[in-house]
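Student: Sharing a structure with you now.
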Amino acid sequence: MRILLAFLFVLFSDVFASAQCWNTISAGNDHTIAIKTDGTLWAWGDNTYGELGDGTTIARSIPVQIGADNNWLAISTGGAHVIALRTNGTLWAWGDNNYGKLGDGTLVDKHRPVQIGTDTDWKLISTGAFHSLAIKRNGTLWSWGINRNGQLGNGTNIVKSAPTQVGTDSNWQSISAGDFHSVAIRTNGTLWIWGLNSAGQLGDSTLKDKHSPIQIGRDTNWQFICGGYHNTMALKKSGTLWAWGFNGLGQLGDGTFVDKNSPLQIGVATNWQSISAGNSHTIAVQTDGSLWAWGKNNHGQHGDGTTTNKNIPTLTGSINNWQFTTSADNYTVALKKDGTLKAWGFNQFGQLGDGTNFDRYTPIGISCSPEGIDEHSFSERIISLYPNPAHDVLFIENKNHFTIEQINIQDMMGKVVISIHNQPSIDIQGLASGVYMLQILAQGSPYQYRFVKQ
């Protein structure tokens, strides 16, 4: 026991490097869900409706593991709910259940993952703001949740609180749920769409909602789709980029701010690999691993160090090993080919996972370890804490005289229990005995230290 306590008393300075452990990610309105390469599930950010799945409604600013299972395969985050698949083909959901979007037959929020039905043949999932879509291994299409604009595709406006099959076809290949519309590709490469059409996001040259899937054009070479807030982005097998719908902030990338109600090719490049549509910004990766952004940028969601909106695809940085991106309301999370994870943009609820609530205008690393939150490395300790263990007061020694912008103390569940600005000592008399994490934002960079309250 003495050896264990001695270990807990060790002061961890600086921050561990971002390890190569992340496998897939999904960003919701203000929360992020991720799966590691070992199949474990992690979450951080807003948790008002239990959308993190940790059994609480406490926001987390660093990744926390959800349960102990290691067979998670895929995740999709909606406005404040999450749908997930396990490797055994079962379907799971948690978070906000307004309009029955969790699919468990109720309207009750769930703070932990709950299995939806007993089927074991689910293959693909996608979530909108208030509805969910899924494809089974037999190629059939299913939907549930709100249906005010026909986004479920079943020909009605009736809400469904459990997965309901859409038609009888069994050749659905991929799906993407926008906020209030849905997009899909069939195995023959044709493009289909339905739901809200207020800004032309269905691409059928009208502004009329559709309650059942309709085919867009006659092309048979659609490869990748992404439904956004009121717009749609897509890639063809030729590597070309296409967009339509709302364009008030330049999120279509065609150099204008004019809405489009039919697919429009963006530029002439033929090397687009993946794309993600946020609320009003778009992030994409080309086959050379370069990262591109356009649209709204008021919180730095482009990751280029500015807050300037762009209405054409603009290169973000010089790194060329990006693999996949996911964008939400006003932030972006992206995965590199080496399995490292980066985030940037709006961070009010800790959705970037860096241990702070400060917006980031350039990509910041998200560590594999809950104790680590960035990838800075220093040969000597920047800031020291003493005494450790501490009883009444914890003192901070700022060795390099850095400008400290914020100090947070979190318990080991990630809850912020003390938040102050720059000062040399902290009154911790009110804290219960145990292990805590001290997070310091100094000169724009986060640092994290562990201490023990006696």
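We name chains A, B, ... following the order of the structure tokens; residues begin at 1 in each chain, and ligands are numbered from 1 as shown.
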Write out as CSV the residues of range 238-288 of chain A that have any atom within 12 Å of an atom of range 342-352 of chain A, one row each with the nearest atom pair and its distance in Å to one decimal, counting only C-alpha atoms, sorted by chain and then rising number.
Tutor:
residue,atom,partner,partner_atom,distance
A:Gly278,CA,A:Gly345,CA,11.6
A:His281,CA,A:Gly345,CA,11.1
A:Ile283,CA,A:Trp344,CA,11.8
Student: Got a sec to tell me which of range 167-391 of chain A DSSP assigns to strand (DSSP E), as a PyMOL selection string?
Tutor: chain A and resi 172-177+181-186+191-195+210-215+222-227+231-236+241-245+260-265+272-277+281-286+291-295+310-315+322-327+331-336+341-345+360-366+383-386
Student: Include C-alpha atoms and write out the residues we just selected as a CSV table (one decimal), in the first residue's frame.
Tutor:
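Wrote selection09.csv, looks like this:
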chain,number,residue,atom,x,y,z
A,172,TRP,CA,-28.7,0.4,-50.0
A,173,GLN,CA,-24.9,0.9,-49.7
A,174,SER,CA,-24.3,4.1,-47.6
A,175,ILE,CA,-26.2,6.7,-45.7
A,176,SER,CA,-25.8,10.2,-44.2
A,177,ALA,CA,-28.3,12.0,-42.0
A,181,HIS,CA,-32.8,15.6,-44.4
A,182,SER,CA,-31.3,12.3,-45.4
A,183,VAL,CA,-29.0,11.2,-48.2
A,184,ALA,CA,-28.1,7.7,-49.5
A,185,ILE,CA,-26.2,5.8,-52.2
A,186,ARG,CA,-27.4,2.5,-53.6
A,191,LEU,CA,-27.9,9.0,-55.4
A,192,TRP,CA,-31.1,9.3,-53.4
A,193,ILE,CA,-32.4,11.9,-51.0
A,194,TRP,CA,-35.4,13.0,-48.9
A,195,GLY,CA,-36.6,15.3,-46.1
A,210,LYS,CA,-39.8,14.9,-50.0
A,211,HIS,CA,-41.2,12.2,-47.7
A,212,SER,CA,-39.8,9.3,-49.7
A,213,PRO,CA,-36.4,8.7,-51.3
A,214,ILE,CA,-36.1,10.3,-54.7
A,215,GLN,CA,-33.2,9.8,-57.2
A,222,TRP,CA,-21.5,8.6,-56.5
A,223,GLN,CA,-19.1,7.3,-53.9
A,224,PHE,CA,-19.3,9.4,-50.7
A,225,ILE,CA,-22.0,11.6,-49.2
A,226,CYS,CA,-22.4,14.0,-46.2
A,227,GLY,CA,-25.6,15.7,-45.1
A,231,ASN,CA,-26.6,21.6,-47.3
A,232,THR,CA,-25.3,18.4,-48.9
A,233,MET,CA,-21.7,17.5,-49.9
A,234,ALA,CA,-20.7,14.5,-52.1
A,235,LEU,CA,-17.8,12.9,-53.9
A,236,LYS,CA,-17.9,10.9,-57.1
A,241,LEU,CA,-16.3,17.3,-55.2
A,242,TRP,CA,-20.0,18.3,-55.4
A,243,ALA,CA,-22.2,20.5,-53.2
A,244,TRP,CA,-25.7,22.0,-53.0
A,245,GLY,CA,-28.1,23.6,-50.6
A,260,LYS,CA,-27.8,25.9,-55.0
A,261,ASN,CA,-30.7,23.5,-55.5
A,262,SER,CA,-28.9,21.0,-57.7
A,263,PRO,CA,-25.5,19.4,-57.5
A,264,LEU,CA,-22.7,21.7,-58.5
A,265,GLN,CA,-19.1,20.6,-59.0
A,272,TRP,CA,-10.8,14.4,-53.0
A,273,GLN,CA,-10.9,11.5,-50.5
A,274,SER,CA,-13.3,12.4,-47.7
A,275,ILE,CA,-15.5,15.3,-46.6
A,276,SER,CA,-17.4,16.4,-43.5
A,277,ALA,CA,-20.1,19.1,-43.3
A,281,HIS,CA,-18.4,24.9,-42.4
A,282,THR,CA,-16.9,22.1,-44.4
A,283,ILE,CA,-13.7,20.1,-43.9
A,284,ALA,CA,-12.2,17.8,-46.5
A,285,VAL,CA,-9.1,15.6,-47.1
A,286,GLN,CA,-7.5,15.0,-50.5
A,291,LEU,CA,-6.5,19.2,-45.2
A,292,TRP,CA,-8.9,21.8,-46.7
A,293,ALA,CA,-11.6,24.0,-45.1
A,294,TRP,CA,-14.2,26.6,-46.1
A,295,GLY,CA,-17.3,28.3,-44.8
A,310,LYS,CA,-13.7,31.3,-46.7
A,311,ASN,CA,-16.0,30.5,-49.6
A,312,ILE,CA,-13.6,28.3,-51.5
A,313,PRO,CA,-11.6,25.3,-50.3
A,314,THR,CA,-8.5,26.6,-48.6
A,315,LEU,CA,-5.5,24.6,-47.6
A,322,TRP,CA,-4.7,13.5,-42.6
A,323,GLN,CA,-7.0,10.6,-43.0
A,324,PHE,CA,-10.5,11.5,-41.8
A,325,THR,CA,-12.4,14.5,-40.4
A,326,THR,CA,-15.7,15.0,-38.5
A,327,SER,CA,-17.1,18.5,-38.0
A,331,TYR,CA,-15.5,22.7,-34.2
A,332,THR,CA,-13.6,20.0,-36.0
A,333,VAL,CA,-11.9,16.8,-35.0
A,334,ALA,CA,-9.6,15.0,-37.4
A,335,LEU,CA,-7.7,11.7,-37.4
A,336,LYS,CA,-4.2,11.3,-38.9
A,341,LEU,CA,-6.2,12.8,-33.0
A,342,LYS,CA,-6.4,16.5,-33.4
A,343,ALA,CA,-9.2,19.0,-32.6
A,344,TRP,CA,-9.8,22.7,-33.0
A,345,GLY,CA,-12.5,25.4,-33.0
A,360,ARG,CA,-8.4,26.6,-30.5
A,361,TYR,CA,-7.6,28.2,-33.9
A,362,THR,CA,-5.0,25.5,-34.9
A,363,PRO,CA,-5.1,21.8,-34.3
A,364,ILE,CA,-4.3,20.6,-30.8
A,365,GLY,CA,-3.5,17.0,-29.9
A,366,ILE,CA,-5.8,14.7,-27.9
A,383,ILE,CA,5.4,24.8,-13.3
A,384,SER,CA,5.8,23.1,-9.9
A,385,LEU,CA,3.1,22.4,-7.3
A,386,TYR,CA,3.9,22.1,-3.5
Student: CA of Thr140 in chain A to CA of Gly167 in chain A: how many Å, to one decimal?
Tutor: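 Interatomic distance here is 8.3 Å.
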Student: Skipping near chain neighbours, those fewer than 2 positions away, what residues fall within 10 Å of Val268 in chain A using only C-alpha atoms, listed as number ranges by chain?
Tutor: A: 239-241, 265-266, 270-271
Student: Restricting the output to C-alpha atoms, write the selected residues as a PDB file, in the first residue's frame.
Tutor:
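This is the output file selection-v6.pdb:
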ATOM      1  CA  GLY A 239     -12.566  12.128 -57.135  1.00  0.00           C
ATOM      2  CA  THR A 240     -14.573  15.262 -57.937  1.00  0.00           C
ATOM      3  CA  LEU A 241     -16.344  17.293 -55.249  1.00  0.00           C
ATOM      4  CA  GLN A 265     -19.079  20.643 -59.002  1.00  0.00           C
ATOM      5  CA  ILE A 266     -16.658  22.514 -56.751  1.00  0.00           C
ATOM      6  CA  THR A 270     -10.089  15.046 -58.945  1.00  0.00           C
ATOM      7  CA  ASN A 271      -8.297  13.908 -55.799  1.00  0.00           C
TER       8      ASN A 271
END
Student: Here is a test: counting only C-alpha atoms, which residue of A:Gly53, A:Asn154, A:Ile83, A:Gly145 is nearest to Leu124 in chain A?
Tutor: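 Checking each candidate against Leu124 in chain A, we get A:Ile83 as the closest.
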Student: Give me the residues near Pro387 in chain A as number ranges by chain, where near means some atom within 10 Å (using only C-alpha atoms) and where sequence neighbours in that chain fewer than 6 positions away do not count.
Tutor: A: 393-396, 451-453
Student: With distances taken over only C-alpha atoms, which of A:Ser76, A:Thr356, A:Ser290, A:Thr168 is nearest to Ile409 in chain A?
Tutor: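 When distances to Ile409 in chain A are compared using only C-alpha atoms, the smallest one comes from A:Thr356.
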Student: Do you know which residues are at most 8 Å from Val82 in chain A counting only C-alpha atoms, after dropping those on the same chain fewer than 6 positions away, and could you put them as a list in words?
Tutor: Glu51, Ile75, Ser76, Ala93, Trp94, Gly95, Leu102 and Thr127 of chain A
Student: Go ahead and write the selection's residues with N, CA and C atoms as a CSV table (one decimal), in the first residue's frame.
Tutor:
chain,number,residue,atom,x,y,z
A,51,GLU,N,-25.3,12.4,-23.2
A,51,GLU,CA,-24.8,12.0,-24.5
A,51,GLU,C,-23.4,11.5,-24.5
A,75,ILE,N,-19.5,4.6,-34.6
A,75,ILE,CA,-20.3,5.5,-33.8
A,75,ILE,C,-20.8,6.6,-34.7
A,76,SER,N,-21.9,7.2,-34.3
A,76,SER,CA,-22.4,8.4,-35.0
A,76,SER,C,-23.1,9.3,-34.0
A,93,ALA,N,-27.6,2.8,-28.2
A,93,ALA,CA,-27.9,4.3,-28.3
A,93,ALA,C,-27.9,4.9,-26.9
A,94,TRP,N,-27.7,6.2,-26.8
A,94,TRP,CA,-27.8,6.9,-25.5
A,94,TRP,C,-27.8,8.4,-25.8
A,95,GLY,N,-28.2,9.1,-24.7
A,95,GLY,CA,-28.3,10.6,-24.8
A,95,GLY,C,-29.8,11.0,-24.9
A,102,LEU,N,-33.5,7.6,-30.1
A,102,LEU,CA,-32.6,6.5,-29.7
A,102,LEU,C,-33.1,5.2,-30.3
A,127,THR,N,-26.6,9.6,-37.8
A,127,THR,CA,-27.5,10.4,-37.0
A,127,THR,C,-27.7,11.8,-37.5
Student: Please compute the CA of Phe130 in chain A-CA of Asp30 in chain A distance, one decimal, in Å.
Tutor: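 Those two atoms sit 14.7 Å apart.
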Student: Using only C-alpha atoms, which protein or nucleic acid residues come within 7 Å of Asn221 in chain A? Drop anything in the same chain fewer than 5 positions from it, and give the result as a list in words.
Tutor: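 My list of contacting residues is Gly189, Thr190, Lys236 and Lys237 of chain A.
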Student: Residues as selected, N, CA and C atoms, written as a PDB file, in the first residue's frame, can you do that?
Tutor:
ATOM      1  N   GLY A 189     -24.537   2.831 -57.394  1.00  0.00           N
ATOM      2  CA  GLY A 189     -23.901   4.146 -57.488  1.00  0.00           C
ATOM      3  C   GLY A 189     -24.852   5.295 -57.695  1.00  0.00           C
ATOM      4  N   THR A 190     -26.154   5.068 -57.630  1.00  0.00           N
ATOM      5  CA  THR A 190     -27.121   6.160 -57.784  1.00  0.00           C
ATOM      6  C   THR A 190     -27.316   6.896 -56.459  1.00  0.00           C
ATOM      7  N   LYS A 236     -17.734  11.966 -56.102  1.00  0.00           N
ATOM      8  CA  LYS A 236     -17.936  10.932 -57.115  1.00  0.00           C
ATOM      9  C   LYS A 236     -16.706  10.022 -57.174  1.00  0.00           C
ATOM     10  N   LYS A 237     -16.854   8.888 -57.825  1.00  0.00           N
ATOM     11  CA  LYS A 237     -15.749   7.947 -57.948  1.00  0.00           C
ATOM     12  C   LYS A 237     -14.586   8.544 -58.733  1.00  0.00           C
TER      13      LYS A 237
END
Student: Neighbours of Thr120 in chain A within 12 Å (only C-alpha atoms; same-chain residues fewer than 3 positions away dropped), as an mmCIF file with N, CA and C atoms, in the first residue's frame?
Tutor:
data_model
loop_
_atom_site.group_PDB
_atom_site.id
_atom_site.type_symbol
_atom_site.label_atom_id
_atom_site.label_comp_id
_atom_site.auth_asym_id
_atom_site.auth_seq_id
_atom_site.Cartn_x
_atom_site.Cartn_y
_atom_site.Cartn_z
ATOM 1 N N LEU A 85 -22.437 0.886 -33.040
ATOM 2 C CA LEU A 85 -22.454 -0.528 -33.382
ATOM 3 C C LEU A 85 -21.314 -1.242 -32.675
ATOM 4 N N ARG A 86 -21.579 -2.484 -32.305
ATOM 5 C CA ARG A 86 -20.525 -3.341 -31.794
ATOM 6 C C ARG A 86 -20.127 -4.343 -32.867
ATOM 7 N N THR A 87 -19.007 -4.993 -32.660
ATOM 8 C CA THR A 87 -18.494 -5.935 -33.662
ATOM 9 C C THR A 87 -19.418 -7.128 -33.855
ATOM 10 N N ASN A 88 -20.305 -7.372 -32.901
ATOM 11 C CA ASN A 88 -21.242 -8.490 -33.027
ATOM 12 C C ASN A 88 -22.510 -8.104 -33.776
ATOM 13 N N GLY A 89 -22.542 -6.887 -34.351
ATOM 14 C CA GLY A 89 -23.667 -6.446 -35.150
ATOM 15 C C GLY A 89 -24.836 -5.899 -34.370
ATOM 16 N N THR A 90 -24.689 -5.716 -33.055
ATOM 17 C CA THR A 90 -25.777 -5.159 -32.250
ATOM 18 C C THR A 90 -25.756 -3.631 -32.305
ATOM 19 N N LEU A 91 -26.931 -3.038 -32.074
ATOM 20 C CA LEU A 91 -27.133 -1.594 -32.163
ATOM 21 C C LEU A 91 -27.347 -1.018 -30.766
ATOM 22 N N TRP A 92 -26.677 0.110 -30.477
ATOM 23 C CA TRP A 92 -26.735 0.718 -29.151
ATOM 24 C C TRP A 92 -26.969 2.227 -29.287
ATOM 25 N N GLN A 115 -28.986 -1.291 -25.501
ATOM 26 C CA GLN A 115 -29.126 -2.005 -26.755
ATOM 27 C C GLN A 115 -30.505 -1.740 -27.354
ATOM 28 N N ILE A 116 -30.529 -1.548 -28.672
ATOM 29 C CA ILE A 116 -31.765 -1.303 -29.391
ATOM 30 C C ILE A 116 -32.192 -2.598 -30.077
ATOM 31 N N GLY A 117 -33.251 -3.202 -29.577
ATOM 32 C CA GLY A 117 -33.714 -4.471 -30.127
ATOM 33 C C GLY A 117 -32.725 -5.588 -29.853
ATOM 34 N N LYS A 123 -25.225 -2.880 -39.917
ATOM 35 C CA LYS A 123 -23.974 -2.683 -40.659
ATOM 36 C C LYS A 123 -23.484 -1.238 -40.646
ATOM 37 N N ILE A 135 -28.395 0.849 -41.909
ATOM 38 C CA ILE A 135 -28.497 -0.170 -42.951
ATOM 39 C C ILE A 135 -28.094 -1.501 -42.339
ATOM 40 N N LYS A 136 -28.864 -2.531 -42.668
ATOM 41 C CA LYS A 136 -28.523 -3.869 -42.206
ATOM 42 C C LYS A 136 -27.626 -4.562 -43.225
ATOM 43 N N ARG A 137 -27.068 -5.682 -42.833
ATOM 44 C CA ARG A 137 -26.152 -6.410 -43.710
ATOM 45 C C ARG A 137 -26.839 -6.930 -44.965
ATOM 46 N N ASN A 138 -28.164 -7.048 -44.910
ATOM 47 C CA ASN A 138 -28.897 -7.493 -46.104
ATOM 48 C C ASN A 138 -29.230 -6.351 -47.048
#
Student: Taking only C-alpha atoms into account, which of A:Phe246, A:Phe358, A:Trp144, A:Trp22 comes nearest Asn97 in chain A?
Tutor: A:Trp144
Student: If I take CA of Gly250 in chain A and CA of Asp179 in chain A, how far is one from the other in Å, to one decimal?
Tutor: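 About the pair CA of Gly250 in chain A and CA of Asp179 in chain A: they are 18.0 Å apart.
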